[in-house]
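What follows is a single structure, written as structure tokens, with notes after it.
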Amino acid sequence: MFDYLIVGAGFAGSVLAERLAVAGNKKVLLIDKRNHIGGNAFDYYDNEGILIHKYGPHIFHTNSREVFDYLSKFTEWRNYQHKVLADLDGQQVPVPINLTTINTLYNLNLSSSELEGFFADKAEDVKQVRTSEDVVVKAVGRDLYNKFFRGYTQKQWDLDPSELDASVTARVPTRTNKDDRYFTDTYQSMPLYGYTKMFENMLNHPNIKIMLNTGYREIANEIAFSKMIFTGPVDEYFNYCYGKLPYRSINFKFETFDKEQFQRTGTINYPNDYAFTRITEFKYLTGQKHHKTSLVYEFPTADGDPYYPIPRPENAELYKKYKALADQSDTHFVGRLATYKYYNMDQVVAQALSTFKKIQAEVGIKSMH
Ligand code: FAD
Ligand code: UDP
């Protein structure tokens with residue numbers, strides 16, 4: 001008899017399994033339909049012995065001390081500040097758009113304050129920022145929007161930015177200084193021995209049993225448990241009773257080159273050319289030394305595993321209906337797919353930790369560790 005059946009061994013499921021088992025002394029069965037733990041953050045060594053991320057590049061960054069301290073119990077870290085270039089008009093320039101981007105692209109020599117004037121001159125007057133187009137044209141104007149955002153977004157989402165919530169392109173800021181880091185969070189580092197090792201450490205406890213290659217419908221009626229935590233797609237849990245929630249998927253194409261380095265930085269975005277959105281070279285992220293190098297190309301697609309919830313008003317409406325069912329249910333719904341939120345890893349960890357605190361209060365678990 002298990003106290004908890006947890007469906008999905010990604011960040012949401014694994015953090016809750018660890019907290020319930022260790023701090024709550026509960027017996028947990030953690031299942032996943034895939035043949036590995038770690039969810040979309042899973043990494044492994046490819047045939048050449050290079051550490052790669054099976055579901056696309058995962059760079060850890062957070063402003064939350066609580067999240068960083070919590071994960072630090074299971075891994076050492078390697079400091080890593082991710083940098084991205086956009087390949088356009090025959091040049092490679094920094095993204096987010098910054099002082100170097102503009103000076104390189106237009107062959108100028110502006111100062112930071114002159115760049116503020118430059119942007120102000122180009123910016124469109126948008127009264128109410130609602131869409132992903134609004135965010136960008138209000139900040140930098142239409143020309144830069146067309147170069148950096150329109151084509152990339154069309155490829156990534158198969159939608160025009162005007163059809164997506166502002167929150168999507170708002171993930172990428174605009175800068176007037178030369179800071180060329182993709183993220184500016186307080187904590188930016190990669191698990192020193194990889195994500196999978198970190199998950200193994202998290203789940204290595206006698207109160208946690210793991211069952212892989214197992215969908216929850218296969219066993220939900222076979223196994224005795226008191227409570228369920230579900231981290232898969234919320235619409236699937238409710239048998240798509242209100243219709244399918246749209247998710248965007250990606251085909252990952254991996255390639256290894258017989259040379260030490262392939263490109264100038266961790267990720268190069270291709271906003272306007274090719275069917276893929278970006279190429280990431282893993283060794284930049286992991287710090288691994290190897291005489292060969294492995295890359296991943298991301299080809300967005302409608303079919304396949306659900307990776308991205310699609311933030312737009314009609315999808316939020318549909319999710320609201322599922323959320324109403326979830327709120328009435330005895331099951332806890334946690335994570336990117338179960339709460340239909342475009343969350344980064346750290347946000348999912350924070351959500352799982354706060355769910356644990358809620359459960360703790362409900363069932364009167366006294367914290368042991
Ligand atoms: P998941 O990791 O999706 O785990 C859910 C698990 O549930 C899966 O393993 C699935 O197999 C299992 N499951 C689903 N249904 C069932 C079922 N019926 N029965 C059994 N098991 C089931 N975040 C960052 O912070 N930084 C990044 O750089 C970053 N890059 C990303 C790049 C890509 C291409 C993608 C797709 C995501 C990226 N993310 C990044 C986001 C990150 O992947 C997620 O925030 C995080 O992995 C979500 O964890 P989760 O546990 O909610 O979901
Ligand atoms: N985006 C873009 N051009 C870029 C980078 C990002 O248009 O060069 C837009 C695009 O819509 C993308 C979103 O901003 O989906 C968020 O980018 P991010 O890099 O955060 O995406 P993720 O890493 O989550 O795929």
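Ligands are numbered from 1 in the order shown, residues from 1 within each chain, and chains are lettered A, B, ... in the order they appear in the structure tokens.
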Nearby residues (only C-alpha atoms) at most 6 Å from region 147-159 of chain A, same-chain spacing under 2 positions excluded, as a PyMOL selection string:
chain A and resi 144-145+271-272+300
Just want the residues within 7 Å of ligand 1, written as JSON, numbers by chain, counting only C-alpha atoms and all ligand atoms.
{"A": [7, 8, 9, 10, 11, 12, 13, 31, 32, 33, 34, 37, 38, 39, 40, 41, 55, 56, 57, 58, 59, 60, 61, 214, 215, 216, 217, 231, 232, 233, 250, 307, 308, 334, 335, 336, 337, 343, 344, 345, 346, 347, 348]}
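Of the listed residues (A:Tyr4, A:Phe257, A:Tyr182, A:Tyr195), A:Tyr182 comes nearest to Leu85 (chain A); the distances count only C-alpha atoms.
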What is the CA of Leu88 (chain A) to CA of Asp179 (chain A) distance in Å?
19.7 Å
Per DSSP on the backbone, what are the strand (DSSP E or B) residues of region 170-346 of chain A, as a VMD selection string?
chain A and resid 181 187 to 191 208 to 211 225 to 230 247 to 257 267 to 269 278 to 281 293 to 301 308 to 309 332 to 333
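With distances restricted to only C-alpha atoms and all ligand atoms, A:Thr280 is the closest residue to ligand 2 from A:Ser354, A:Gln188, A:Asn103, A:Thr280.
Near Lys73 (chain A), within a cut-off of 9 Å and counting only C-alpha atoms, sit the residues Asp69, Tyr70, Glu76, Asn201 and Met202 of chain A, with same-chain residues fewer than 3 positions away left out.
A straight line drawn from CA of Tyr274 (chain A) to CA of Glu163 (chain A) is 22.2 Å long.
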If you run DSSP over the backbone, which residues in region 55-189 of chain A end up helix (DSSP H, G or I)? Put them as a ChimeraX atom specification.
/A:65-71,99-105,112-122,132-140,142-157,161-163,166-169
Which of A:Asp273, A:Asp235, A:Glu18, A:Glu124 sits closest to ligand 2 [using only C-alpha atoms and all ligand atoms]
A:Asp273
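For the pair CA of Asp258 (chain A) and atom 5 (C, counted along the ligand's line) of ligand 2, the separation is 28.6 Å.
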Set the distance at 6 Å and use only C-alpha atoms: which residues neighbour region 168-174 of chain A once local chain neighbours fewer than 3 positions away are removed? I'd like the list as number ranges by chain.
A: 96-97, 132
